[in-house]
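What follows is a short report on a single structure.
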Amino acid sequence: GNKITLQAILSEPDTVQWLNFGNASFAEQLSRLFIGFGAIFLALCFWSLVFYAPYAYAVMSFNYANGQQPGMIYGLAFSMVVVMGNQIMYEVCARVSDYVGFRSSDSKAVCYMILFTVSCLWNVLVDMVTTYYVAEQIMMELGFRTYNGKML
């Protein structure tokens with residue numbers, strides 16, 4: 001016969017994901033996680049190119065001379081870009097967390113939280129870079145000068 005062993009687990013019974021037992025070793029889970037990183041990277045590239053790049057181009061090509069500002073539609077468009085980016089990354093991170101095959105829903109939730117936080121960090125960095133260049137363009141078109149009087 002076979003020998004049965006027991007060990008203490010730090011999971012509550014209602015958090016156990018029984019479907020994920022026996023179908024993935026730790027190495028397989030790690031491999032799936034790295035595949036998931038690739039999927040997240042592709043989703044971020046998709047969001048950046050399909051949603052964010054057209055918005056950034058429109059904002060960067062706006063004529064800011066004489067203090068003109070983009071209309072309300074630009075602000076609404078930016079809000080929708082952020083919403084779409086968050087929704088895409090929410091779904092991709094949730095699917096990656098499921099795909100890894102954690103044996104506990106607590107571990108799956110922790111993985112999701114970390115993945116989504118990193119994805120949001122990327123979104124914020126892209127927003128900050130775009131904002132920097134838009135602010136620089138506005139200052140140049142309005143004739144701002146440096147401390148020493150040199151034109152921007």
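Just so we're on the same page: first chain in the structure tokens is A, next is B, and so on; residues restart at 1 for each chain, and ligands are numbered from 1 in the order they show up.
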
Dump as a tab-separated table the rows for residues of region 73-121 of chain A within 8 Å of region 52-58 of chain A: closest atom pair and distance in Å with one decimal, only C-alpha atoms counted, ordered by chain and rising residue number.
residue	atom	partner	partner_atom	distance
A:Ala77	CA	A:Tyr55	CA	7.3
A:Phe78	CA	A:Tyr55	CA	7.0
A:Val81	CA	A:Tyr52	CA	6.4

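For Lys108 (chain A), the residues within 9 Å (counting only C-alpha atoms, excluding itself and residues fewer than 6 positions away along the chain) are Ala94, Ser97, Asp98, Val100, Gly101 and Phe102 of chain A.
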
If you run DSSP over the backbone, which residues in region 64-151 of chain A end up helix (DSSP H, G or I)? Put them as a ChimeraX atom specification. /A:65-67,72-100,105-141

Nearest to Glu91 (chain A): which of A:Ala24, A:Met151, A:Val110, A:Ile40 is it, counting only C-alpha atoms?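 Closest to Glu91 (chain A) of all the choices is A:Ile40.
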
Could you name the residues that touch region 34-39 of chain A at 8 Å or less, counting only C-alpha atoms, but leaving out those on the same chain fewer than 6 positions away, as a list in words? Val92, Val96, Tyr99 and Val100 of chain A

Take the residues that were just selected and, keeping N, CA, C and O atoms, output them as a short mmCIF file (atom, residue, chain, number, x, y, z; two decimals), in the first residue's frame.
data_model
loop_
_atom_site.label_atom_id
_atom_site.label_comp_id
_atom_site.auth_asym_id
_atom_site.auth_seq_id
_atom_site.Cartn_x
_atom_site.Cartn_y
_atom_site.Cartn_z
N VAL A 92 -6.77 40.95 -17.33
CA VAL A 92 -5.56 40.17 -17.62
C VAL A 92 -4.93 39.66 -16.32
O VAL A 92 -4.56 38.49 -16.23
N VAL A 96 -4.42 35.76 -15.24
CA VAL A 96 -3.10 35.23 -14.92
C VAL A 96 -3.12 34.58 -13.54
O VAL A 96 -2.59 33.48 -13.35
N TYR A 99 -4.74 31.33 -13.90
CA TYR A 99 -3.95 30.41 -14.72
C TYR A 99 -2.80 29.78 -13.93
O TYR A 99 -2.45 28.62 -14.18
N VAL A 100 -2.22 30.52 -13.00
CA VAL A 100 -1.09 29.99 -12.24
C VAL A 100 -1.49 28.72 -11.49
O VAL A 100 -0.71 27.78 -11.41
#

What lies within 12 Å of region 121-125 of chain A using only C-alpha atoms, ignoring chain neighbours under 3 positions off, as an mmCIF file with C-alpha atoms, in the first residue's frame?
data_model
loop_
_atom_site.group_PDB
_atom_site.id
_atom_site.type_symbol
_atom_site.label_atom_id
_atom_site.label_comp_id
_atom_site.auth_asym_id
_atom_site.auth_seq_id
_atom_site.Cartn_x
_atom_site.Cartn_y
_atom_site.Cartn_z
ATOM 1 C CA ILE A 40 0.608 41.287 -18.920
ATOM 2 C CA PHE A 41 3.443 42.886 -20.891
ATOM 3 C CA ALA A 43 -1.628 43.764 -22.632
ATOM 4 C CA LEU A 44 0.292 46.837 -21.454
ATOM 5 C CA CYS A 45 1.781 47.277 -24.932
ATOM 6 C CA TRP A 47 -3.124 49.492 -24.111
ATOM 7 C CA SER A 48 -0.213 51.849 -24.710
ATOM 8 C CA PHE A 51 -5.585 53.505 -26.397
ATOM 9 C CA TYR A 52 -2.909 55.774 -24.968
ATOM 10 C CA VAL A 81 -8.286 55.940 -21.562
ATOM 11 C CA VAL A 82 -7.527 55.437 -17.874
ATOM 12 C CA VAL A 83 -10.757 53.470 -17.348
ATOM 13 C CA MET A 84 -10.064 51.231 -20.347
ATOM 14 C CA GLY A 85 -6.478 50.675 -19.243
ATOM 15 C CA ASN A 86 -7.599 49.690 -15.768
ATOM 16 C CA GLN A 87 -10.303 47.361 -17.082
ATOM 17 C CA ILE A 88 -7.927 45.626 -19.476
ATOM 18 C CA MET A 89 -5.319 45.148 -16.791
ATOM 19 C CA ILE A 114 0.757 42.447 -6.840
ATOM 20 C CA LEU A 115 0.256 42.042 -10.598
ATOM 21 C CA PHE A 116 -2.410 44.748 -10.751
ATOM 22 C CA THR A 117 -0.343 47.132 -8.628
ATOM 23 C CA VAL A 118 2.637 46.745 -10.975
ATOM 24 C CA MET A 128 3.514 61.211 -15.804
ATOM 25 C CA VAL A 129 5.780 61.190 -18.865
ATOM 26 C CA THR A 130 2.957 62.412 -21.092
ATOM 27 C CA THR A 131 2.024 65.133 -18.609
ATOM 28 C CA TYR A 132 5.648 66.268 -18.444
#
